[in-house]
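Data file: structure20.cif. Format and content: mmCIF, N, CA and C atoms.
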data_model
loop_
_atom_site.label_atom_id
_atom_site.label_comp_id
_atom_site.auth_asym_id
_atom_site.auth_seq_id
_atom_site.Cartn_x
_atom_site.Cartn_y
_atom_site.Cartn_z
N MET A 35 0.84 -1.18 0.00
CA MET A 35 0.00 0.00 0.00
C MET A 35 0.89 1.25 0.00
N ILE A 36 0.36 2.31 -0.57
CA ILE A 36 1.09 3.57 -0.70
C ILE A 36 0.54 4.58 0.31
N SER A 37 1.37 4.96 1.28
CA SER A 37 0.91 6.00 2.20
C SER A 37 0.79 7.30 1.42
N THR A 38 -0.23 8.07 1.75
CA THR A 38 -0.60 9.22 0.93
C THR A 38 -0.90 10.44 1.78
N TYR A 39 -0.46 11.58 1.28
CA TYR A 39 -0.79 12.88 1.88
C TYR A 39 -1.52 13.71 0.84
N ILE A 40 -2.68 14.18 1.21
CA ILE A 40 -3.44 15.11 0.37
C ILE A 40 -3.33 16.47 1.04
N VAL A 41 -2.69 17.42 0.37
CA VAL A 41 -2.44 18.73 0.96
C VAL A 41 -3.21 19.77 0.16
N ASP A 42 -4.28 20.28 0.75
CA ASP A 42 -5.16 21.24 0.08
C ASP A 42 -6.00 21.95 1.13
N ASP A 43 -6.17 23.24 0.97
CA ASP A 43 -6.97 24.00 1.94
C ASP A 43 -8.47 23.93 1.67
N VAL A 44 -8.87 23.33 0.54
CA VAL A 44 -10.29 23.25 0.19
C VAL A 44 -10.79 21.84 0.52
N GLN A 45 -11.72 21.78 1.47
CA GLN A 45 -12.24 20.49 1.95
C GLN A 45 -12.84 19.66 0.83
N SER A 46 -13.60 20.27 -0.06
CA SER A 46 -14.24 19.51 -1.13
C SER A 46 -13.21 18.91 -2.09
N ASP A 47 -12.11 19.61 -2.34
CA ASP A 47 -11.05 19.06 -3.20
C ASP A 47 -10.36 17.88 -2.53
N ARG A 48 -10.13 17.99 -1.22
CA ARG A 48 -9.54 16.86 -0.49
C ARG A 48 -10.49 15.66 -0.52
N TYR A 49 -11.77 15.91 -0.36
CA TYR A 49 -12.77 14.84 -0.37
C TYR A 49 -12.76 14.10 -1.71
N ILE A 50 -12.80 14.84 -2.80
CA ILE A 50 -12.80 14.22 -4.13
C ILE A 50 -11.52 13.40 -4.34
N ALA A 51 -10.38 13.98 -3.98
CA ALA A 51 -9.11 13.26 -4.14
C ALA A 51 -9.11 12.00 -3.28
N ARG A 52 -9.56 12.11 -2.05
CA ARG A 52 -9.59 10.97 -1.14
C ARG A 52 -10.47 9.85 -1.71
N ARG A 53 -11.65 10.19 -2.20
CA ARG A 53 -12.58 9.19 -2.76
C ARG A 53 -11.97 8.49 -3.99
N ARG A 54 -11.36 9.27 -4.88
CA ARG A 54 -10.77 8.67 -6.08
C ARG A 54 -9.59 7.77 -5.73
N LEU A 55 -8.77 8.21 -4.80
CA LEU A 55 -7.61 7.41 -4.40
C LEU A 55 -8.05 6.13 -3.70
N LYS A 56 -9.05 6.21 -2.83
CA LYS A 56 -9.55 5.01 -2.16
C LYS A 56 -10.10 4.02 -3.18
N LYS A 57 -10.81 4.54 -4.17
CA LYS A 57 -11.39 3.69 -5.22
C LYS A 57 -10.30 2.91 -5.95
N ALA A 58 -9.14 3.51 -6.12
CA ALA A 58 -8.03 2.85 -6.82
C ALA A 58 -7.48 1.66 -6.02
N GLY A 59 -7.64 1.71 -4.70
CA GLY A 59 -7.28 0.57 -3.87
C GLY A 59 -5.83 0.42 -3.47
N HIS A 60 -4.97 1.36 -3.81
CA HIS A 60 -3.54 1.24 -3.50
C HIS A 60 -3.04 2.28 -2.51
N PHE A 61 -3.86 3.22 -2.15
CA PHE A 61 -3.40 4.40 -1.40
C PHE A 61 -3.93 4.41 0.03
N MET A 62 -3.18 3.76 0.92
CA MET A 62 -3.53 3.74 2.34
C MET A 62 -2.24 3.56 3.12
N PRO A 63 -2.10 4.12 4.29
CA PRO A 63 -3.03 5.04 4.94
C PRO A 63 -3.02 6.39 4.23
N MET A 64 -4.07 7.16 4.47
CA MET A 64 -4.22 8.45 3.84
C MET A 64 -4.31 9.52 4.93
N ASP A 65 -3.54 10.57 4.76
CA ASP A 65 -3.57 11.69 5.70
C ASP A 65 -3.84 12.95 4.92
N GLU A 66 -4.41 13.93 5.59
CA GLU A 66 -4.74 15.20 4.93
C GLU A 66 -4.16 16.35 5.73
N ALA A 67 -3.81 17.40 5.00
CA ALA A 67 -3.32 18.63 5.61
C ALA A 67 -3.96 19.81 4.88
N THR A 68 -4.21 20.87 5.62
CA THR A 68 -4.89 22.04 5.04
C THR A 68 -3.93 23.11 4.55
N ASP A 69 -2.65 22.93 4.84
CA ASP A 69 -1.63 23.87 4.34
C ASP A 69 -0.26 23.22 4.46
N GLY A 70 0.74 23.90 3.95
CA GLY A 70 2.08 23.35 3.95
C GLY A 70 2.67 23.14 5.32
N VAL A 71 2.39 24.04 6.26
CA VAL A 71 2.93 23.91 7.61
C VAL A 71 2.37 22.65 8.27
N ASP A 72 1.07 22.46 8.14
CA ASP A 72 0.41 21.27 8.70
C ASP A 72 0.98 20.00 8.07
N PHE A 73 1.16 20.00 6.76
CA PHE A 73 1.72 18.84 6.07
C PHE A 73 3.13 18.52 6.57
N LEU A 74 4.00 19.51 6.61
CA LEU A 74 5.39 19.27 7.02
C LEU A 74 5.46 18.71 8.43
N ARG A 75 4.64 19.23 9.33
CA ARG A 75 4.61 18.72 10.70
C ARG A 75 4.21 17.25 10.69
N LYS A 76 3.12 16.92 10.01
CA LYS A 76 2.65 15.53 9.97
C LYS A 76 3.66 14.62 9.28
N TYR A 77 4.19 15.07 8.17
CA TYR A 77 5.11 14.25 7.39
C TYR A 77 6.33 13.85 8.23
N PHE A 78 6.95 14.81 8.88
CA PHE A 78 8.16 14.51 9.63
C PHE A 78 7.87 13.89 10.99
N ASP A 79 6.73 14.20 11.60
CA ASP A 79 6.36 13.53 12.85
C ASP A 79 6.10 12.05 12.61
N GLN A 80 5.40 11.72 11.55
CA GLN A 80 5.05 10.33 11.26
C GLN A 80 6.24 9.53 10.79
N ARG A 81 7.25 10.17 10.32
CA ARG A 81 8.43 9.48 9.82
C ARG A 81 9.63 9.68 10.74
N ASN A 82 9.35 10.11 11.97
CA ASN A 82 10.40 10.31 12.97
C ASN A 82 11.54 11.18 12.46
N GLY A 83 11.16 12.20 11.68
CA GLY A 83 12.14 13.15 11.19
C GLY A 83 12.96 12.69 10.02
N SER A 84 12.76 11.45 9.58
CA SER A 84 13.65 10.92 8.54
C SER A 84 13.10 11.03 7.13
N GLY A 85 11.80 11.18 7.00
CA GLY A 85 11.21 11.17 5.67
C GLY A 85 11.26 9.79 5.04
N ALA A 86 11.37 8.73 5.87
CA ALA A 86 11.49 7.36 5.36
C ALA A 86 10.21 6.90 4.69
N GLY A 87 10.35 5.95 3.78
CA GLY A 87 9.20 5.38 3.08
C GLY A 87 9.07 5.94 1.68
N HIS A 88 8.00 5.55 1.00
CA HIS A 88 7.76 5.96 -0.38
C HIS A 88 6.32 6.47 -0.53
N PRO A 89 6.00 7.61 0.06
CA PRO A 89 4.62 8.09 0.00
C PRO A 89 4.32 8.86 -1.28
N LEU A 90 3.02 9.00 -1.53
CA LEU A 90 2.51 9.93 -2.52
C LEU A 90 2.19 11.22 -1.80
N ILE A 91 2.63 12.33 -2.34
CA ILE A 91 2.28 13.65 -1.82
C ILE A 91 1.52 14.36 -2.93
N LEU A 92 0.24 14.57 -2.70
CA LEU A 92 -0.63 15.27 -3.64
C LEU A 92 -0.79 16.69 -3.11
N MET A 93 -0.16 17.66 -3.78
CA MET A 93 0.01 19.01 -3.25
C MET A 93 -0.72 20.06 -4.09
N ASP A 94 -1.58 20.83 -3.43
CA ASP A 94 -2.21 21.99 -4.06
C ASP A 94 -1.17 23.10 -4.16
N ILE A 95 -1.41 24.06 -5.04
CA ILE A 95 -0.49 25.19 -5.17
C ILE A 95 -0.87 26.33 -4.23
N ASN A 96 -2.10 26.80 -4.34
CA ASN A 96 -2.54 27.99 -3.60
C ASN A 96 -3.15 27.61 -2.26
N MET A 97 -2.39 27.88 -1.19
CA MET A 97 -2.83 27.59 0.18
C MET A 97 -2.32 28.69 1.10
N PRO A 98 -2.96 28.84 2.26
CA PRO A 98 -2.45 29.80 3.24
C PRO A 98 -1.17 29.27 3.89
N GLU A 99 -0.53 30.09 4.66
CA GLU A 99 0.72 29.77 5.36
C GLU A 99 1.83 29.54 4.34
N LEU A 100 2.03 28.31 3.93
CA LEU A 100 3.01 27.99 2.88
C LEU A 100 2.25 27.49 1.67
N ASN A 101 2.50 28.07 0.50
CA ASN A 101 1.85 27.55 -0.69
C ASN A 101 2.56 26.27 -1.12
N GLY A 102 2.08 25.62 -2.17
CA GLY A 102 2.65 24.36 -2.61
C GLY A 102 4.12 24.45 -2.98
N PHE A 103 4.50 25.52 -3.66
CA PHE A 103 5.90 25.66 -4.06
C PHE A 103 6.81 25.89 -2.85
N GLU A 104 6.36 26.72 -1.93
CA GLU A 104 7.14 26.95 -0.71
C GLU A 104 7.27 25.68 0.12
N THR A 105 6.19 24.91 0.16
CA THR A 105 6.20 23.66 0.90
C THR A 105 7.18 22.67 0.29
N ILE A 106 7.20 22.57 -1.03
CA ILE A 106 8.13 21.67 -1.71
C ILE A 106 9.57 22.09 -1.43
N GLU A 107 9.84 23.39 -1.47
CA GLU A 107 11.20 23.87 -1.17
C GLU A 107 11.60 23.53 0.26
N GLU A 108 10.69 23.67 1.21
CA GLU A 108 10.99 23.34 2.60
C GLU A 108 11.19 21.83 2.76
N LEU A 109 10.40 21.04 2.07
CA LEU A 109 10.57 19.59 2.10
C LEU A 109 11.96 19.21 1.58
N LYS A 110 12.36 19.82 0.48
CA LYS A 110 13.70 19.56 -0.08
C LYS A 110 14.79 19.97 0.90
N ARG A 111 14.59 21.07 1.60
CA ARG A 111 15.59 21.55 2.55
C ARG A 111 15.75 20.58 3.73
N ARG A 112 14.63 20.01 4.19
CA ARG A 112 14.65 19.15 5.37
C ARG A 112 15.03 17.70 5.10
N LEU A 113 14.77 17.22 3.91
CA LEU A 113 15.07 15.81 3.62
C LEU A 113 16.56 15.62 3.35
N PRO A 114 17.10 14.49 3.80
CA PRO A 114 18.48 14.17 3.41
C PRO A 114 18.54 14.03 1.89
N GLN A 115 19.64 14.44 1.31
CA GLN A 115 19.81 14.42 -0.14
C GLN A 115 19.48 13.06 -0.75
N ASP A 116 19.89 11.99 -0.08
CA ASP A 116 19.66 10.65 -0.62
C ASP A 116 18.21 10.18 -0.47
N ARG A 117 17.35 10.98 0.15
CA ARG A 117 15.94 10.60 0.33
C ARG A 117 15.00 11.45 -0.54
N LEU A 118 15.54 12.38 -1.31
CA LEU A 118 14.69 13.31 -2.06
C LEU A 118 13.73 12.61 -3.03
N MET A 119 14.17 11.56 -3.67
CA MET A 119 13.33 10.92 -4.67
C MET A 119 12.59 9.70 -4.13
N ASP A 120 12.53 9.54 -2.81
CA ASP A 120 11.83 8.40 -2.23
C ASP A 120 10.32 8.56 -2.27
N GLN A 121 9.83 9.75 -2.43
CA GLN A 121 8.39 9.98 -2.51
C GLN A 121 8.04 10.42 -3.93
N VAL A 122 6.76 10.29 -4.26
CA VAL A 122 6.27 10.78 -5.54
C VAL A 122 5.42 12.00 -5.23
N VAL A 123 5.80 13.13 -5.81
CA VAL A 123 5.08 14.38 -5.58
C VAL A 123 4.31 14.76 -6.83
N ALA A 124 3.02 15.00 -6.63
CA ALA A 124 2.16 15.44 -7.72
C ALA A 124 1.47 16.74 -7.29
N MET A 125 1.59 17.76 -8.11
CA MET A 125 0.86 19.00 -7.88
C MET A 125 -0.51 18.85 -8.51
N PHE A 126 -1.52 19.34 -7.80
CA PHE A 126 -2.82 19.41 -8.43
C PHE A 126 -3.41 20.76 -8.11
N SER A 127 -3.98 21.38 -9.13
CA SER A 127 -4.40 22.76 -9.02
C SER A 127 -5.61 23.01 -9.91
N SER A 128 -6.35 24.04 -9.58
CA SER A 128 -7.45 24.46 -10.46
C SER A 128 -6.90 25.25 -11.64
N SER A 129 -5.62 25.59 -11.59
CA SER A 129 -4.96 26.34 -12.66
C SER A 129 -4.26 25.39 -13.61
N ASP A 130 -4.38 25.67 -14.90
CA ASP A 130 -3.57 24.93 -15.87
C ASP A 130 -2.60 25.90 -16.56
N ASN A 131 -2.23 26.93 -15.81
CA ASN A 131 -1.31 27.95 -16.29
C ASN A 131 0.05 27.32 -16.60
N ASP A 132 0.55 27.59 -17.80
CA ASP A 132 1.85 27.03 -18.20
C ASP A 132 2.96 27.41 -17.24
N ARG A 133 2.89 28.60 -16.67
CA ARG A 133 3.92 29.05 -15.73
C ARG A 133 3.92 28.16 -14.47
N ASP A 134 2.74 27.78 -13.98
CA ASP A 134 2.66 26.88 -12.83
C ASP A 134 3.22 25.50 -13.16
N ILE A 135 2.92 25.02 -14.34
CA ILE A 135 3.42 23.72 -14.77
C ILE A 135 4.94 23.75 -14.87
N GLU A 136 5.49 24.79 -15.49
CA GLU A 136 6.94 24.93 -15.63
C GLU A 136 7.60 25.07 -14.26
N ARG A 137 6.99 25.85 -13.39
CA ARG A 137 7.55 26.03 -12.05
C ARG A 137 7.55 24.72 -11.27
N SER A 138 6.50 23.92 -11.45
CA SER A 138 6.44 22.61 -10.79
C SER A 138 7.58 21.72 -11.25
N THR A 139 7.79 21.67 -12.54
CA THR A 139 8.87 20.86 -13.11
C THR A 139 10.23 21.33 -12.61
N ALA A 140 10.38 22.64 -12.49
CA ALA A 140 11.66 23.23 -12.08
C ALA A 140 12.03 22.92 -10.63
N THR A 141 11.08 22.47 -9.82
CA THR A 141 11.40 22.16 -8.42
C THR A 141 12.37 20.99 -8.32
N GLY A 142 12.38 20.13 -9.33
CA GLY A 142 13.23 18.95 -9.29
C GLY A 142 12.64 17.83 -8.45
N LEU A 143 11.49 18.05 -7.85
CA LEU A 143 10.86 17.05 -7.00
C LEU A 143 9.46 16.68 -7.50
N VAL A 144 8.78 17.61 -8.12
CA VAL A 144 7.43 17.36 -8.61
C VAL A 144 7.51 16.58 -9.92
N GLU A 145 6.83 15.45 -9.95
CA GLU A 145 6.87 14.58 -11.14
C GLU A 145 5.61 14.63 -11.97
N HIS A 146 4.52 15.09 -11.38
CA HIS A 146 3.24 15.12 -12.08
C HIS A 146 2.54 16.44 -11.77
N PHE A 147 1.77 16.91 -12.75
CA PHE A 147 0.94 18.10 -12.56
C PHE A 147 -0.44 17.79 -13.14
N PHE A 148 -1.46 17.93 -12.31
CA PHE A 148 -2.83 17.63 -12.73
C PHE A 148 -3.75 18.79 -12.38
N THR A 149 -4.75 18.99 -13.21
CA THR A 149 -5.77 19.97 -12.87
C THR A 149 -6.86 19.27 -12.06
N LYS A 150 -7.48 20.04 -11.19
CA LYS A 150 -8.56 19.52 -10.34
C LYS A 150 -9.84 19.43 -11.15
N PRO A 151 -10.69 18.52 -10.80
CA PRO A 151 -10.49 17.46 -9.81
C PRO A 151 -9.63 16.34 -10.39
N ILE A 152 -8.90 15.69 -9.52
CA ILE A 152 -8.06 14.58 -9.96
C ILE A 152 -8.96 13.47 -10.52
N ASP A 153 -8.51 12.85 -11.58
CA ASP A 153 -9.35 11.82 -12.22
C ASP A 153 -8.62 10.48 -12.26
N ASP A 154 -9.31 9.47 -12.77
CA ASP A 154 -8.75 8.12 -12.81
C ASP A 154 -7.49 8.03 -13.67
N ALA A 155 -7.43 8.80 -14.75
CA ALA A 155 -6.24 8.79 -15.61
C ALA A 155 -5.02 9.31 -14.85
N ALA A 156 -5.21 10.34 -14.04
CA ALA A 156 -4.11 10.89 -13.23
C ALA A 156 -3.64 9.85 -12.21
N ILE A 157 -4.58 9.17 -11.59
CA ILE A 157 -4.22 8.16 -10.60
C ILE A 157 -3.47 7.00 -11.27
N ALA A 158 -3.90 6.62 -12.45
CA ALA A 158 -3.19 5.57 -13.19
C ALA A 158 -1.76 6.00 -13.51
N GLU A 159 -1.58 7.26 -13.85
CA GLU A 159 -0.24 7.78 -14.14
C GLU A 159 0.64 7.75 -12.89
N ILE A 160 0.07 8.11 -11.76
CA ILE A 160 0.80 8.07 -10.49
C ILE A 160 1.19 6.62 -10.17
N LEU A 161 0.25 5.71 -10.31
CA LEU A 161 0.54 4.29 -10.05
C LEU A 161 1.65 3.77 -10.97
N ALA A 162 1.64 4.20 -12.21
CA ALA A 162 2.68 3.78 -13.14
C ALA A 162 4.06 4.23 -12.65
N THR A 163 4.15 5.40 -12.07
CA THR A 163 5.41 5.90 -11.53
C THR A 163 5.86 5.02 -10.36
N PHE A 164 4.94 4.68 -9.46
CA PHE A 164 5.29 3.82 -8.33
C PHE A 164 5.73 2.43 -8.82
N ARG A 165 5.05 1.90 -9.81
CA ARG A 165 5.42 0.58 -10.34
C ARG A 165 6.80 0.63 -11.03
N ALA A 166 7.04 1.69 -11.79
CA ALA A 166 8.32 1.82 -12.48
C ALA A 166 9.49 1.86 -11.51
N ARG A 167 9.27 2.42 -10.33
CA ARG A 167 10.32 2.48 -9.31
C ARG A 167 10.39 1.23 -8.45
N GLY A 168 9.45 0.33 -8.63
CA GLY A 168 9.42 -0.89 -7.83
C GLY A 168 8.88 -0.67 -6.43
N TYR A 169 8.12 0.39 -6.21
CA TYR A 169 7.57 0.69 -4.89
C TYR A 169 6.25 -0.03 -4.66
N VAL A 170 5.63 -0.55 -5.71
CA VAL A 170 4.35 -1.26 -5.58
C VAL A 170 4.53 -2.66 -6.13
#
Encoded form using structure tokens:
Amino acid sequence: MISTYIVDDVQSDRYIARRRLKKAGHFMPMDEATDGVDFLRKYFDQRNGSGAGHPLILMDINMPELNGFETIEELKRRLPQDRLMDQVVAMFSSSDNDRDIERSTATGLVEHFFTKPIDDAAIAEILATFRARGYV
């Protein structure tokens, strides 16, 4: 099973993502965060500060406190260099702005960019990434 974090300040977007991921049958346990600060606290508390494991991080862009890009940068700063690619990070946003897509790619950590609501094709793409790495 793939431990999963859904990071979004909009409850209905988290609900839709949670339902679609549960339907796929591979994403458990599932945790949610309403902003980047909440996510980082949960992520490192649950992993005893190490960032161990191979989770999916489904990250919104526009959130209070730390936005998605700021959160990704802080995650990169806190993770040991050899653990950076242990998780699969997917941005999901209501924006399909080319600048957001390019900025996501430029982080060096975000592997997927999807527009909301997340759909079955996006989940299949995420699963393909986990399978290609041998994590599933």
Item to check | Which of region 39-113 of chain A DSSP labels strand (DSSP E), written as a list in words | outcome: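 Matching residues, listed in order: Tyr39, Ile40, Val41, Met64, Asp65, Glu66, Ala67, Leu90, Ile91, Leu92 and Met93 of chain A.
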Checklist entry - Can you tell me, as a ChimeraX atom specification, what residues are no more than 7 Å from Val122 (chain A) when counting only N, CA and C atoms, ignoring any on the same chain fewer than 6 positions away? => result /A:88-92,143-146
Extract, using only C-alpha atoms, all DNA, RNA and protein residues at most 10 Å from region 44-52 of chain A, discarding same-chain residues fewer than 2 positions from it, and format them as a short mmCIF file (atom, residue, chain, number, x, y, z; two decimals) with N, CA and C atoms, keeping the file's coordinate frame.
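In the end it all went to part.cif:
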data_model
loop_
_atom_site.label_atom_id
_atom_site.label_comp_id
_atom_site.auth_asym_id
_atom_site.auth_seq_id
_atom_site.Cartn_x
_atom_site.Cartn_y
_atom_site.Cartn_z
N THR A 38 -0.23 8.07 1.75
CA THR A 38 -0.60 9.22 0.93
C THR A 38 -0.90 10.44 1.78
N TYR A 39 -0.46 11.58 1.28
CA TYR A 39 -0.79 12.88 1.88
C TYR A 39 -1.52 13.71 0.84
N ILE A 40 -2.68 14.18 1.21
CA ILE A 40 -3.44 15.11 0.37
C ILE A 40 -3.33 16.47 1.04
N VAL A 41 -2.69 17.42 0.37
CA VAL A 41 -2.44 18.73 0.96
C VAL A 41 -3.21 19.77 0.16
N ASP A 42 -4.28 20.28 0.75
CA ASP A 42 -5.16 21.24 0.08
C ASP A 42 -6.00 21.95 1.13
N ARG A 54 -11.36 9.27 -4.88
CA ARG A 54 -10.77 8.67 -6.08
C ARG A 54 -9.59 7.77 -5.73
N LEU A 55 -8.77 8.21 -4.80
CA LEU A 55 -7.61 7.41 -4.40
C LEU A 55 -8.05 6.13 -3.70
N LYS A 56 -9.05 6.21 -2.83
CA LYS A 56 -9.55 5.01 -2.16
C LYS A 56 -10.10 4.02 -3.18
N LYS A 57 -10.81 4.54 -4.17
CA LYS A 57 -11.39 3.69 -5.22
C LYS A 57 -10.30 2.91 -5.95
N PHE A 61 -3.86 3.22 -2.15
CA PHE A 61 -3.40 4.40 -1.40
C PHE A 61 -3.93 4.41 0.03
N MET A 64 -4.07 7.16 4.47
CA MET A 64 -4.22 8.45 3.84
C MET A 64 -4.31 9.52 4.93
N ASP A 65 -3.54 10.57 4.76
CA ASP A 65 -3.57 11.69 5.70
C ASP A 65 -3.84 12.95 4.92
N GLU A 66 -4.41 13.93 5.59
CA GLU A 66 -4.74 15.20 4.93
C GLU A 66 -4.16 16.35 5.73
N ALA A 67 -3.81 17.40 5.00
CA ALA A 67 -3.32 18.63 5.61
C ALA A 67 -3.96 19.81 4.88
N THR A 68 -4.21 20.87 5.62
CA THR A 68 -4.89 22.04 5.04
C THR A 68 -3.93 23.11 4.55
N ASP A 69 -2.65 22.93 4.84
CA ASP A 69 -1.63 23.87 4.34
C ASP A 69 -0.26 23.22 4.46
N LEU A 92 0.24 14.57 -2.70
CA LEU A 92 -0.63 15.27 -3.64
C LEU A 92 -0.79 16.69 -3.11
N ASP A 94 -1.58 20.83 -3.43
CA ASP A 94 -2.21 21.99 -4.06
C ASP A 94 -1.17 23.10 -4.16
N ASN A 96 -2.10 26.80 -4.34
CA ASN A 96 -2.54 27.99 -3.60
C ASN A 96 -3.15 27.61 -2.26
N MET A 97 -2.39 27.88 -1.19
CA MET A 97 -2.83 27.59 0.18
C MET A 97 -2.32 28.69 1.10
N PHE A 126 -1.52 19.34 -7.80
CA PHE A 126 -2.82 19.41 -8.43
C PHE A 126 -3.41 20.76 -8.11
N SER A 127 -3.98 21.38 -9.13
CA SER A 127 -4.40 22.76 -9.02
C SER A 127 -5.61 23.01 -9.91
N SER A 128 -6.35 24.04 -9.58
CA SER A 128 -7.45 24.46 -10.46
C SER A 128 -6.90 25.25 -11.64
N LYS A 150 -7.48 20.04 -11.19
CA LYS A 150 -8.56 19.52 -10.34
C LYS A 150 -9.84 19.43 -11.15
N PRO A 151 -10.69 18.52 -10.80
CA PRO A 151 -10.49 17.46 -9.81
C PRO A 151 -9.63 16.34 -10.39
N ILE A 152 -8.90 15.69 -9.52
CA ILE A 152 -8.06 14.58 -9.96
C ILE A 152 -8.96 13.47 -10.52
N ASP A 153 -8.51 12.85 -11.58
CA ASP A 153 -9.35 11.82 -12.22
C ASP A 153 -8.62 10.48 -12.26
N ILE A 157 -4.58 9.17 -11.59
CA ILE A 157 -4.22 8.16 -10.60
C ILE A 157 -3.47 7.00 -11.27
#
Checklist entry - What would the list of residues within 8 Å of (8.3, 3.2, -0.4) (file frame) look like as a list in words, if all atoms listed in the file are what count? => result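 It turns out the residues near that spot are Met35, Ile36, Ser37, Ala86, Gly87, His88, Pro89, Leu90, Asp120, Gln121, Gly168, Tyr169 and Val170 of chain A.
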Item to check | DSSP helix (DSSP H, G or I) residues within chain A, as a PyMOL selection string | outcome: chain A and resi 45-58+70-80+102-112+115-120+132-140+154-166
Item to check | Between CA of Asp130 (chain A) and atom N of Asp43 (chain A) - distance in Å to one decimal | outcome: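 Between atom N of Asp43 (chain A) and CA of Asp130 (chain A) the gap works out to 17.1 Å.
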Item to check | Selection near Ile106 (chain A), 8 Å with only N, CA and C atoms, sequence-local residues under 4 positions removed, as an MDAnalysis selection string | outcome: chainID A and resid 70 100:102 110:112 141 143:144
Next on the checklist: For a test of reading the model, state the distance in Å between CA of Arg167 (chain A) and atom C of Glu107 (chain A), rounded to one decimal.
Outcome noted: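 About the pair CA of Arg167 (chain A) and atom C of Glu107 (chain A): they are 23.2 Å apart.
The smallest atom-to-atom distance between Leu113 (chain A) and any of A:Thr149, A:Ala155, A:His60, A:Tyr77, using only C-alpha atoms, is found for A:Tyr77.
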Checklist entry - By how many Å are CA of Asp154 (chain A) and atom C of Ala58 (chain A) apart? => result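 Taking CA of Asp154 (chain A) as the start and atom C of Ala58 (chain A) as the end point, the length is 9.5 Å.
For the residues A:Ile135, A:Val123, A:Met93, A:Leu109, ranking by smallest atom-to-atom distance to Leu161 (chain A) using only C-alpha atoms places A:Val123 first.
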